[in-house]
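Data block for data-v6.cif (mmCIF, C-alpha atoms):
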data_protein
#
loop_
_atom_site.group_PDB
_atom_site.id
_atom_site.type_symbol
_atom_site.label_atom_id
_atom_site.label_comp_id
_atom_site.auth_asym_id
_atom_site.auth_seq_id
_atom_site.Cartn_x
_atom_site.Cartn_y
_atom_site.Cartn_z
ATOM 1 C CA PRO A 1 0.000 0.000 0.000
ATOM 2 C CA LEU A 2 0.944 3.646 -0.536
ATOM 3 C CA PHE A 3 0.448 6.146 2.299
ATOM 4 C CA ILE A 4 -0.190 9.753 1.250
ATOM 5 C CA SER A 5 0.118 12.254 4.090
ATOM 6 C CA ALA A 6 2.297 15.017 5.569
ATOM 7 C CA VAL A 7 4.644 15.085 8.561
ATOM 8 C CA GLY A 8 7.110 17.546 10.031
ATOM 9 C CA GLN A 9 10.850 17.141 9.722
ATOM 10 C CA ASP A 10 11.076 16.102 13.362
ATOM 11 C CA ALA A 11 11.506 13.006 15.522
ATOM 12 C CA ALA A 12 7.803 12.135 15.423
ATOM 13 C CA GLY A 13 7.710 12.356 11.638
ATOM 14 C CA GLN A 14 10.840 10.219 11.307
ATOM 15 C CA GLN A 15 9.355 7.626 13.646
ATOM 16 C CA ILE A 16 6.136 7.410 11.630
ATOM 17 C CA ILE A 17 8.018 6.945 8.371
ATOM 18 C CA SER A 18 10.355 4.372 9.896
ATOM 19 C CA GLN A 19 7.544 2.310 11.378
ATOM 20 C CA LEU A 20 5.549 2.375 8.161
ATOM 21 C CA ARG A 21 8.544 1.169 6.203
ATOM 22 C CA GLY A 22 8.991 -1.564 8.800
ATOM 23 C CA VAL A 23 5.616 -3.019 7.833
ATOM 24 C CA HIS A 24 6.268 -2.604 4.084
ATOM 25 C CA VAL A 25 4.096 0.480 3.504
ATOM 26 C CA GLN A 26 5.347 2.770 0.734
ATOM 27 C CA THR A 27 6.149 6.200 2.173
ATOM 28 C CA ARG A 28 6.990 8.183 -0.973
ATOM 29 C CA GLY A 29 3.548 9.777 -0.666
ATOM 30 C CA ILE A 30 4.438 11.412 2.656
ATOM 31 C CA ARG A 31 5.322 15.091 2.343
ATOM 32 C CA VAL A 32 8.070 16.003 4.837
ATOM 33 C CA CYS A 33 7.742 19.658 5.853
ATOM 34 C CA PRO A 34 10.806 21.366 7.385
ATOM 35 C CA GLY A 35 10.208 23.672 10.307
ATOM 36 C CA GLN A 36 6.709 22.366 11.041
ATOM 37 C CA PRO A 37 5.535 19.923 13.736
ATOM 38 C CA THR A 38 4.091 16.541 12.914
ATOM 39 C CA PRO A 39 0.348 16.371 13.712
ATOM 40 C CA THR A 40 -0.241 15.004 17.204
ATOM 41 C CA VAL A 41 -3.132 13.913 19.393
ATOM 42 C CA ALA A 42 -3.211 14.070 23.204
ATOM 43 C CA CYS A 43 -5.721 11.771 24.905
ATOM 44 C CA CYS A 44 -6.888 11.228 28.496
ATOM 45 C CA PHE A 45 -8.117 7.827 29.634
ATOM 46 C CA ASP A 46 -9.849 6.648 32.776
ATOM 47 C CA GLY A 47 -8.703 3.733 34.929
ATOM 48 C CA ARG A 48 -10.598 1.279 32.725
ATOM 49 C CA GLY A 49 -8.823 2.317 29.529
ATOM 50 C CA ASN A 50 -11.768 4.281 28.145
ATOM 51 C CA LEU A 51 -11.203 7.597 26.369
ATOM 52 C CA ARG A 52 -12.434 10.612 28.352
ATOM 53 C CA SER A 53 -11.085 13.560 26.387
ATOM 54 C CA GLY A 54 -8.655 14.422 23.651
ATOM 55 C CA VAL A 55 -7.254 17.288 21.628
ATOM 56 C CA ALA A 56 -5.667 17.094 18.182
ATOM 57 C CA ASP A 57 -3.408 19.384 16.175
ATOM 58 C CA THR A 58 -3.803 18.450 12.507
ATOM 59 C CA GLY A 59 -3.048 21.889 11.092
ATOM 60 C CA LEU A 60 -0.116 20.616 9.035
ATOM 61 C CA LEU A 61 -2.454 18.380 7.030
ATOM 62 C CA GLU A 62 -4.767 21.316 6.336
ATOM 63 C CA ARG A 63 -1.852 23.405 5.051
ATOM 64 C CA GLU A 64 0.406 20.946 3.259
ATOM 65 C CA LEU A 65 -1.661 17.951 2.134
ATOM 66 C CA THR A 66 -3.013 19.832 -0.856
ATOM 67 C CA GLY A 67 -4.877 18.724 -3.926
ATOM 68 C CA GLU A 68 -1.757 19.499 -5.965
ATOM 69 C CA TRP A 69 0.340 17.135 -3.823
ATOM 70 C CA VAL A 70 -2.274 14.389 -4.012
ATOM 71 C CA ALA A 71 -2.554 14.757 -7.792
ATOM 72 C CA THR A 72 1.116 13.811 -8.207
ATOM 73 C CA PHE A 73 0.082 10.274 -7.196
ATOM 74 C CA ARG A 74 -2.713 10.041 -9.771
ATOM 75 C CA ARG A 75 -1.391 6.830 -11.342
ATOM 76 C CA ASP A 76 -1.090 5.150 -7.944
ATOM 77 C CA ILE A 77 -4.695 6.029 -7.103
ATOM 78 C CA GLU A 78 -5.932 4.908 -10.529
ATOM 79 C CA SER A 79 -4.304 1.490 -10.105
ATOM 80 C CA ALA A 80 -5.376 0.974 -6.475
ATOM 81 C CA LYS A 81 -7.794 -1.736 -5.376
ATOM 82 C CA ILE A 82 -9.374 0.687 -2.940
ATOM 83 C CA LEU A 83 -8.795 4.301 -1.845
ATOM 84 C CA LEU A 84 -9.073 4.901 1.897
ATOM 85 C CA LEU A 85 -9.710 8.532 2.879
ATOM 86 C CA GLU A 86 -10.229 10.161 6.253
ATOM 87 C CA ALA A 87 -11.824 13.430 7.250
ATOM 88 C CA ASN A 88 -8.665 15.311 8.246
ATOM 89 C CA LEU A 89 -8.252 16.131 4.558
ATOM 90 C CA THR A 90 -9.374 19.495 3.232
ATOM 91 C CA LEU A 91 -12.315 19.624 0.841
ATOM 92 C CA GLU A 92 -9.873 20.512 -1.955
ATOM 93 C CA ALA A 93 -7.725 17.422 -1.344
ATOM 94 C CA MET A 94 -10.786 15.212 -0.956
ATOM 95 C CA GLU A 95 -12.241 16.483 -4.232
ATOM 96 C CA VAL A 96 -9.039 15.601 -6.088
ATOM 97 C CA CYS A 97 -8.800 12.144 -4.471
ATOM 98 C CA VAL A 98 -12.427 11.235 -5.037
ATOM 99 C CA GLY A 99 -12.406 12.596 -8.584
ATOM 100 C CA ILE A 100 -9.385 10.520 -9.618
ATOM 101 C CA ALA A 101 -10.725 7.360 -7.973
ATOM 102 C CA HIS A 102 -14.241 7.731 -9.356
ATOM 103 C CA ALA A 103 -12.987 8.265 -12.913
ATOM 104 C CA ALA A 104 -10.865 5.104 -12.620
ATOM 105 C CA ASN A 105 -13.663 3.033 -10.984
ATOM 106 C CA VAL A 106 -11.640 2.659 -7.787
ATOM 107 C CA PRO A 107 -13.940 2.211 -4.754
ATOM 108 C CA VAL A 108 -13.643 4.944 -2.109
ATOM 109 C CA PHE A 109 -13.708 4.078 1.597
ATOM 110 C CA PHE A 110 -14.303 7.068 3.883
ATOM 111 C CA GLU A 111 -13.469 7.126 7.609
ATOM 112 C CA PRO A 112 -15.187 10.133 9.306
ATOM 113 C CA VAL A 113 -12.661 10.662 12.194
ATOM 114 C CA SER A 114 -14.972 12.817 14.347
ATOM 115 C CA VAL A 115 -18.487 14.242 14.476
ATOM 116 C CA HIS A 116 -17.214 17.725 13.615
ATOM 117 C CA LYS A 117 -15.160 16.623 10.607
ATOM 118 C CA SER A 118 -17.445 13.822 9.415
ATOM 119 C CA VAL A 119 -19.649 16.212 7.418
ATOM 120 C CA ARG A 120 -16.790 16.923 5.010
ATOM 121 C CA VAL A 121 -17.873 13.802 3.120
ATOM 122 C CA VAL A 122 -21.340 15.164 2.280
ATOM 123 C CA PRO A 123 -20.452 16.749 -1.121
ATOM 124 C CA PHE A 124 -18.958 13.420 -2.234
ATOM 125 C CA LEU A 125 -21.536 10.910 -0.953
ATOM 126 C CA SER A 126 -22.571 9.808 -4.442
ATOM 127 C CA LYS A 127 -18.995 8.669 -5.107
ATOM 128 C CA VAL A 128 -18.382 6.838 -1.812
ATOM 129 C CA ALA A 129 -18.560 3.045 -1.807
ATOM 130 C CA TYR A 130 -17.889 2.458 1.907
ATOM 131 C CA LEU A 131 -18.643 4.781 4.829
ATOM 132 C CA SER A 132 -17.720 3.822 8.414
ATOM 133 C CA PRO A 133 -19.239 6.277 10.924
ATOM 134 C CA ASN A 134 -20.164 5.681 14.534
ATOM 135 C CA GLU A 135 -23.759 6.501 15.449
ATOM 136 C CA ALA A 136 -23.066 10.155 16.306
ATOM 137 C CA GLU A 137 -21.098 10.709 13.077
ATOM 138 C CA LEU A 138 -23.866 9.002 11.098
ATOM 139 C CA GLY A 139 -26.434 11.400 12.515
ATOM 140 C CA ALA A 140 -24.261 14.428 11.780
ATOM 141 C CA ILE A 141 -23.647 13.361 8.171
ATOM 142 C CA VAL A 142 -27.339 12.747 7.522
ATOM 143 C CA ALA A 143 -28.349 16.057 9.127
ATOM 144 C CA GLN A 144 -25.868 17.955 6.950
ATOM 145 C CA ALA A 145 -26.956 16.021 3.864
ATOM 146 C CA ALA A 146 -30.597 16.856 4.609
ATOM 147 C CA ALA A 147 -29.674 20.538 4.779
ATOM 148 C CA ASN A 148 -27.510 20.454 1.626
ATOM 149 C CA PHE A 149 -29.832 18.410 -0.566
ATOM 150 C CA ASP A 150 -33.201 19.361 0.964
ATOM 151 C CA CYS A 151 -34.069 15.686 1.389
ATOM 152 C CA GLY A 152 -35.584 16.177 4.852
ATOM 153 C CA PRO A 153 -34.537 14.570 8.130
ATOM 154 C CA PRO A 154 -35.063 10.820 8.536
ATOM 155 C CA GLU A 155 -37.960 9.706 10.673
ATOM 156 C CA ALA A 156 -36.921 9.157 14.305
ATOM 157 C CA MET A 157 -37.598 5.549 15.233
ATOM 158 C CA GLY A 158 -35.559 5.074 18.400
ATOM 159 C CA ALA A 159 -31.907 4.084 18.669
ATOM 160 C CA THR A 160 -31.897 1.123 16.291
ATOM 161 C CA GLY A 161 -34.440 2.605 13.937
ATOM 162 C CA ALA A 162 -32.438 5.805 13.605
ATOM 163 C CA VAL A 163 -29.410 3.849 12.452
ATOM 164 C CA GLU A 164 -31.477 1.987 9.887
ATOM 165 C CA SER A 165 -33.310 5.035 8.542
ATOM 166 C CA ASN A 166 -30.146 7.175 8.520
ATOM 167 C CA SER A 167 -28.372 4.460 6.543
ATOM 168 C CA SER A 168 -31.261 4.404 4.064
ATOM 169 C CA VAL A 169 -30.856 8.158 3.525
ATOM 170 C CA LEU A 170 -27.186 7.658 2.688
ATOM 171 C CA HIS A 171 -28.011 4.827 0.291
ATOM 172 C CA ALA A 172 -30.484 7.112 -1.485
ATOM 173 C CA LEU A 173 -27.671 9.658 -1.867
ATOM 174 C CA GLY A 174 -25.355 7.091 -3.461
ATOM 175 C CA VAL A 175 -23.405 5.331 -0.696
ATOM 176 C CA LYS A 176 -23.292 1.588 -1.402
ATOM 177 C CA HIS A 177 -22.161 0.265 1.985
ATOM 178 C CA VAL A 178 -22.797 1.944 5.349
ATOM 179 C CA LEU A 179 -20.819 0.374 8.211
ATOM 180 C CA VAL A 180 -21.879 1.813 11.568
ATOM 181 C CA THR A 181 -19.459 1.064 14.404
ATOM 182 C CA ARG A 182 -21.236 0.562 17.740
ATOM 183 C CA GLY A 183 -18.483 -0.156 20.266
ATOM 184 C CA GLU A 184 -19.102 -3.283 22.301
ATOM 185 C CA ASP A 185 -22.237 -3.944 20.216
ATOM 186 C CA GLY A 186 -20.155 -4.541 17.106
ATOM 187 C CA VAL A 187 -21.098 -3.204 13.673
ATOM 188 C CA TYR A 188 -24.371 -2.575 11.867
ATOM 189 C CA ALA A 189 -23.770 -2.887 8.121
ATOM 190 C CA SER A 190 -26.216 -2.029 5.358
ATOM 191 C CA SER A 191 -25.649 -2.530 1.635
ATOM 192 C CA ARG A 192 -27.631 -1.787 -1.514
ATOM 193 C CA THR A 193 -27.256 -3.475 -4.879
ATOM 194 C CA SER A 194 -27.719 -0.093 -6.571
ATOM 195 C CA THR A 195 -28.571 3.477 -5.604
ATOM 196 C CA ASN A 196 -31.865 3.241 -7.515
ATOM 197 C CA SER A 197 -33.026 0.115 -5.754
ATOM 198 C CA GLY A 198 -34.193 -0.709 -2.262
ATOM 199 C CA GLU A 199 -32.863 -4.222 -2.722
ATOM 200 C CA GLY A 200 -29.950 -5.169 -0.520
ATOM 201 C CA HIS A 201 -29.173 -6.609 2.875
ATOM 202 C CA GLU A 202 -28.303 -5.554 6.378
ATOM 203 C CA MET A 203 -26.080 -7.259 8.924
ATOM 204 C CA ARG A 204 -25.543 -7.076 12.643
ATOM 205 C CA ILE A 205 -22.080 -8.353 13.424
ATOM 206 C CA PRO A 206 -21.200 -8.651 17.132
ATOM 207 C CA SER A 207 -17.998 -7.964 18.982
ATOM 208 C CA LEU A 208 -16.082 -10.602 20.897
ATOM 209 C CA ALA A 209 -17.356 -11.102 24.434
ATOM 210 C CA GLN A 210 -15.564 -10.825 27.795
ATOM 211 C CA LEU A 211 -12.607 -8.736 26.711
ATOM 212 C CA ARG A 212 -10.132 -7.117 29.097
ATOM 213 C CA VAL A 213 -10.089 -3.478 28.041
ATOM 214 C CA VAL A 214 -6.624 -1.936 28.391
ATOM 215 C CA ASN A 215 -6.719 0.967 25.918
ATOM 216 C CA VAL A 216 -9.439 1.882 23.420
ATOM 217 C CA ASN A 217 -7.256 4.390 21.566
ATOM 218 C CA GLY A 218 -6.801 3.289 17.963
ATOM 219 C CA ALA A 219 -9.502 0.614 18.068
ATOM 220 C CA GLY A 220 -11.623 2.277 15.392
ATOM 221 C CA ASP A 221 -8.644 2.752 13.088
ATOM 222 C CA CYS A 222 -7.635 -0.878 13.609
ATOM 223 C CA LEU A 223 -11.162 -2.013 12.733
ATOM 224 C CA VAL A 224 -11.013 -0.107 9.446
ATOM 225 C CA ALA A 225 -7.473 -1.345 8.719
ATOM 226 C CA GLY A 226 -8.447 -4.970 9.274
ATOM 227 C CA LEU A 227 -11.634 -4.562 7.253
ATOM 228 C CA VAL A 228 -9.831 -3.016 4.287
ATOM 229 C CA LYS A 229 -7.078 -5.661 4.446
ATOM 230 C CA ALA A 230 -9.673 -8.421 4.243
ATOM 231 C CA LEU A 231 -11.505 -6.683 1.387
ATOM 232 C CA VAL A 232 -8.337 -6.185 -0.641
ATOM 233 C CA GLU A 233 -6.849 -9.611 0.018
ATOM 234 C CA SER A 234 -10.197 -11.428 -0.195
ATOM 235 C CA SER A 235 -9.442 -13.228 3.058
ATOM 236 C CA GLY A 236 -11.725 -16.087 3.985
ATOM 237 C CA THR A 237 -14.939 -15.811 1.996
ATOM 238 C CA GLY A 238 -13.945 -12.519 0.438
ATOM 239 C CA SER A 239 -17.319 -11.144 1.521
ATOM 240 C CA LEU A 240 -18.065 -7.856 3.232
ATOM 241 C CA GLU A 241 -19.457 -9.840 6.170
ATOM 242 C CA TYR A 242 -16.141 -11.567 6.707
ATOM 243 C CA ALA A 243 -14.169 -8.367 6.149
ATOM 244 C CA VAL A 244 -16.158 -6.620 8.904
ATOM 245 C CA SER A 245 -15.685 -9.654 11.149
ATOM 246 C CA TYR A 246 -11.933 -9.556 10.569
ATOM 247 C CA GLY A 247 -11.881 -5.820 11.313
ATOM 248 C CA ILE A 248 -13.720 -6.423 14.584
ATOM 249 C CA ALA A 249 -11.195 -9.107 15.547
ATOM 250 C CA VAL A 250 -8.317 -6.661 14.925
ATOM 251 C CA ALA A 251 -10.084 -3.943 16.937
ATOM 252 C CA CYS A 252 -10.596 -6.385 19.817
ATOM 253 C CA ALA A 253 -6.874 -7.147 19.772
ATOM 254 C CA ALA A 254 -6.194 -3.407 19.878
ATOM 255 C CA ILE A 255 -8.271 -2.670 22.979
ATOM 256 C CA GLN A 256 -6.469 -5.447 24.861
ATOM 257 C CA SER A 257 -3.073 -3.894 24.094
ATOM 258 C CA GLU A 258 -1.344 -0.867 25.583
ATOM 259 C CA ALA A 259 -0.144 0.080 22.103
ATOM 260 C CA ASN A 260 -2.433 1.935 19.705
ATOM 261 C CA VAL A 261 -1.589 -0.632 17.034
ATOM 262 C CA PRO A 262 -1.263 -4.151 18.486
ATOM 263 C CA ARG A 263 1.532 -6.478 17.468
ATOM 264 C CA ILE A 264 -0.149 -9.552 16.008
ATOM 265 C CA SER A 265 2.042 -12.401 17.235
ATOM 266 C CA ASN A 266 -0.478 -15.126 16.432
ATOM 267 C CA PRO A 267 -2.255 -14.583 13.091
ATOM 268 C CA ASP A 268 -4.032 -17.932 13.437
ATOM 269 C CA GLU A 269 -5.701 -16.739 16.645
ATOM 270 C CA LEU A 270 -6.780 -13.544 14.893
ATOM 271 C CA ASP A 271 -8.273 -15.570 12.038
ATOM 272 C CA ALA A 272 -10.065 -17.838 14.522
ATOM 273 C CA ASN A 273 -11.546 -14.820 16.299
ATOM 274 C CA ALA A 274 -12.687 -13.393 12.974
ATOM 275 C CA TRP A 275 -14.434 -16.630 12.036
ATOM 276 C CA HIS A 276 -16.054 -16.752 15.488
ATOM 277 C CA VAL A 277 -17.455 -13.236 15.000
ATOM 278 C CA PHE A 278 -18.513 -14.156 11.449
ATOM 279 C CA SER A 279 -20.431 -17.189 12.728
ATOM 280 C CA LYS A 280 -22.478 -14.984 15.083
ATOM 281 C CA ARG A 281 -23.617 -12.485 12.440
ATOM 282 C CA LYS A 282 -27.281 -11.894 11.716
ATOM 283 C CA THR A 283 -28.266 -11.023 8.161
ATOM 284 C CA ARG A 284 -31.533 -10.174 6.464
ATOM 285 C CA GLN A 285 -32.552 -9.074 2.987
ATOM 286 C CA THR A 286 -34.006 -5.597 2.563
ATOM 287 C CA HIS A 287 -36.584 -4.496 0.009
ATOM 288 C CA SER A 288 -38.070 -1.201 -1.024
ATOM 289 C CA THR A 289 -41.560 -0.472 0.260
#
For the structure just supplied, provide its representation as structure tokens.
Amino acid sequence: PLFISAVGQDAAGQQIISQLRGVHVQTRGIRVCPGQPTPTVACCFDGRGNLRSGVADTGLLERELTGEWVATFRRDIESAKILLLEANLTLEAMEVCVGIAHAANVPVFFEPVSVHKSVRVVPFLSKVAYLSPNEAELGAIVAQAAANFDCGPPEAMGATGAVESNSSVLHALGVKHVLVTRGEDGVYASSRTSTNSGEGHEMRIPSLAQLRVVNVNGAGDCLVAGLVKALVESSGTGSLEYAVSYGIAVACAAIQSEANVPRISNPDELDANAWHVFSKRKTRQTHST
């Protein structure tokens, strides 16, 4: 894989590049910016490893990860199996990325990052194949989409109903797969065969039970990383259901580790956990009414 980003010419930036190279990620897409600090995040956790507060400085990405820089990797994007974007990008950079991928029929996977930044995806919803919000981000995206496109707010039907109806709004606006992360409740996933059809299916895929939570930081990113890995490599069945299950297994490994990104010493155990999650999924077909 190729990583396109920006870091400062400092110790943190050097560490990021070194660690990426250590796991065979191409780093030629990383813009090294002299005299500027690498983006950082400071987080506070409680005694149970749960996140209580955090503050992020991602200003370097806003300034230096420009559409012009991204466009220099046009051929890499055009030949990719999937393009993974996250909401720290500016609208200009996102427009260039999505435009190149869409023209080359490369599926776009969007990770919202936060409620505040999640709405940056709204102008590009019709070109997004996979969207992975949590419930709060899902609500924010749909509310902004309703305002932008005058499609009206979804009907409130309680906690579960809101997720379902919000996902339907996004399908109507062009998103093929909506993957709602729900913490210890796993993932709600909804897919449509086409944007003009109500035909599709929805899945409820659980998390692993009885986990010892050490640190939740990075769990969401690990879920997306595992999911995309399984999609690209067609692990197991090659299905979206298995890919989500594999992502959940990676996220569960992450929350039981002090490191943000866990070291996977036993891939067979990870695969077994993924198949266990996969076996517990609940799926049903959906139809337009």
Chain and number of each residue from the PyMOL selection byres ((chain A and resi 34-40) around 12), as a PDB file with C-alpha atoms, keeping the file's coordinate frame:
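Output file selection_5.pdb is given in full below:
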ATOM      1  CA  SER A   5       0.118  12.254   4.090  1.00  0.00           C
ATOM      2  CA  ALA A   6       2.297  15.017   5.569  1.00  0.00           C
ATOM      3  CA  VAL A   7       4.644  15.085   8.561  1.00  0.00           C
ATOM      4  CA  GLY A   8       7.110  17.546  10.031  1.00  0.00           C
ATOM      5  CA  GLN A   9      10.850  17.141   9.722  1.00  0.00           C
ATOM      6  CA  ASP A  10      11.076  16.102  13.362  1.00  0.00           C
ATOM      7  CA  ALA A  11      11.506  13.006  15.522  1.00  0.00           C
ATOM      8  CA  ALA A  12       7.803  12.135  15.423  1.00  0.00           C
ATOM      9  CA  GLY A  13       7.710  12.356  11.638  1.00  0.00           C
ATOM     10  CA  GLN A  14      10.840  10.219  11.307  1.00  0.00           C
ATOM     11  CA  GLN A  15       9.355   7.626  13.646  1.00  0.00           C
ATOM     12  CA  ILE A  16       6.136   7.410  11.630  1.00  0.00           C
ATOM     13  CA  ILE A  17       8.018   6.945   8.371  1.00  0.00           C
ATOM     14  CA  ILE A  30       4.438  11.412   2.656  1.00  0.00           C
ATOM     15  CA  ARG A  31       5.322  15.091   2.343  1.00  0.00           C
ATOM     16  CA  VAL A  32       8.070  16.003   4.837  1.00  0.00           C
ATOM     17  CA  CYS A  33       7.742  19.658   5.853  1.00  0.00           C
ATOM     18  CA  VAL A  41      -3.132  13.913  19.393  1.00  0.00           C
ATOM     19  CA  ALA A  42      -3.211  14.070  23.204  1.00  0.00           C
ATOM     20  CA  CYS A  43      -5.721  11.771  24.905  1.00  0.00           C
ATOM     21  CA  GLY A  54      -8.655  14.422  23.651  1.00  0.00           C
ATOM     22  CA  VAL A  55      -7.254  17.288  21.628  1.00  0.00           C
ATOM     23  CA  ALA A  56      -5.667  17.094  18.182  1.00  0.00           C
ATOM     24  CA  ASP A  57      -3.408  19.384  16.175  1.00  0.00           C
ATOM     25  CA  THR A  58      -3.803  18.450  12.507  1.00  0.00           C
ATOM     26  CA  GLY A  59      -3.048  21.889  11.092  1.00  0.00           C
ATOM     27  CA  LEU A  60      -0.116  20.616   9.035  1.00  0.00           C
ATOM     28  CA  LEU A  61      -2.454  18.380   7.030  1.00  0.00           C
ATOM     29  CA  GLU A  62      -4.767  21.316   6.336  1.00  0.00           C
ATOM     30  CA  ARG A  63      -1.852  23.405   5.051  1.00  0.00           C
ATOM     31  CA  GLU A  64       0.406  20.946   3.259  1.00  0.00           C
ATOM     32  CA  LEU A  65      -1.661  17.951   2.134  1.00  0.00           C
ATOM     33  CA  ASN A  88      -8.665  15.311   8.246  1.00  0.00           C
TER      34      ASN A  88
END
So which residues touch A:Arg182 within 12 Å, counting all atoms listed in the file, skipping near sequence neighbours fewer than 4 positions away, as a PDB file with C-alpha atoms, keeping the file's coordinate frame?
ATOM      1  CA  SER A 132     -17.720   3.822   8.414  1.00  0.00           C
ATOM      2  CA  PRO A 133     -19.239   6.277  10.924  1.00  0.00           C
ATOM      3  CA  ASN A 134     -20.164   5.681  14.534  1.00  0.00           C
ATOM      4  CA  GLU A 135     -23.759   6.501  15.449  1.00  0.00           C
ATOM      5  CA  ALA A 136     -23.066  10.155  16.306  1.00  0.00           C
ATOM      6  CA  GLU A 137     -21.098  10.709  13.077  1.00  0.00           C
ATOM      7  CA  LEU A 138     -23.866   9.002  11.098  1.00  0.00           C
ATOM      8  CA  ALA A 159     -31.907   4.084  18.669  1.00  0.00           C
ATOM      9  CA  THR A 160     -31.897   1.123  16.291  1.00  0.00           C
ATOM     10  CA  VAL A 163     -29.410   3.849  12.452  1.00  0.00           C
ATOM     11  CA  GLY A 186     -20.155  -4.541  17.106  1.00  0.00           C
ATOM     12  CA  VAL A 187     -21.098  -3.204  13.673  1.00  0.00           C
ATOM     13  CA  TYR A 188     -24.371  -2.575  11.867  1.00  0.00           C
ATOM     14  CA  ALA A 189     -23.770  -2.887   8.121  1.00  0.00           C
ATOM     15  CA  ARG A 204     -25.543  -7.076  12.643  1.00  0.00           C
ATOM     16  CA  ILE A 205     -22.080  -8.353  13.424  1.00  0.00           C
ATOM     17  CA  PRO A 206     -21.200  -8.651  17.132  1.00  0.00           C
ATOM     18  CA  SER A 207     -17.998  -7.964  18.982  1.00  0.00           C
ATOM     19  CA  ALA A 219      -9.502   0.614  18.068  1.00  0.00           C
ATOM     20  CA  GLY A 220     -11.623   2.277  15.392  1.00  0.00           C
ATOM     21  CA  LEU A 223     -11.162  -2.013  12.733  1.00  0.00           C
ATOM     22  CA  ILE A 248     -13.720  -6.423  14.584  1.00  0.00           C
TER      23      ILE A 248
END
Quiz item: So, counting only C-alpha atoms, which residue among A:Thr193, A:Asn50, A:Gln19, A:Thr66 is closest to A:Ile4?
Solution: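 Checking each candidate against A:Ile4, we get A:Thr66 as the closest.
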Practice problem: Apply the PyMOL selection byres ((chain A and resi 83) around 12) to the structure shown and report the selected residues as a ChimeraX atom specification. | Solution: /A:1-4,73-74,76-82,84-86,94,97-102,104-111,127-131,228-229,231-232
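For the pair atom CA of A:Val70 and atom CA of A:Ala225, the interatomic distance is 20.9 Å.
For the atom pair formed by atom CA of A:Val224 and atom CA of A:Leu211, the distance is 19.4 Å, given to one decimal.
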Self-check item: the PyMOL selection byres ((chain A and resi 256-267) around 7) resolved against shown file, as a list in words
Solution: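 With the shown file as input, the PyMOL selection byres ((chain A and resi 256-267) around 7) matches Arg212, Val213, Val214, Asn215, Asn217, Gly218, Cys222, Cys252, Ala253, Ala254, Ile255, Asp268, Glu269, Leu270 and Asp271 of chain A.
Computed from the coordinates, the atom CA of A:Ala272 to atom CA of A:Ala209 distance equals 14.0 Å.
Each of A:Leu208, A:Leu240, A:Val175, A:Val277 was compared to A:Ser126 using only C-alpha atoms, and A:Val175 turns out to be the nearest.
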Practice problem: Would you mind listing what lies within 9 Å of A:Leu91 as a list in words, with all atoms listed in the file counted and same-chain residues fewer than 5 positions away left out? | Solution: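 So the residues in contact are Gly67, Val96, Arg120, Val121 and Pro123 of chain A.
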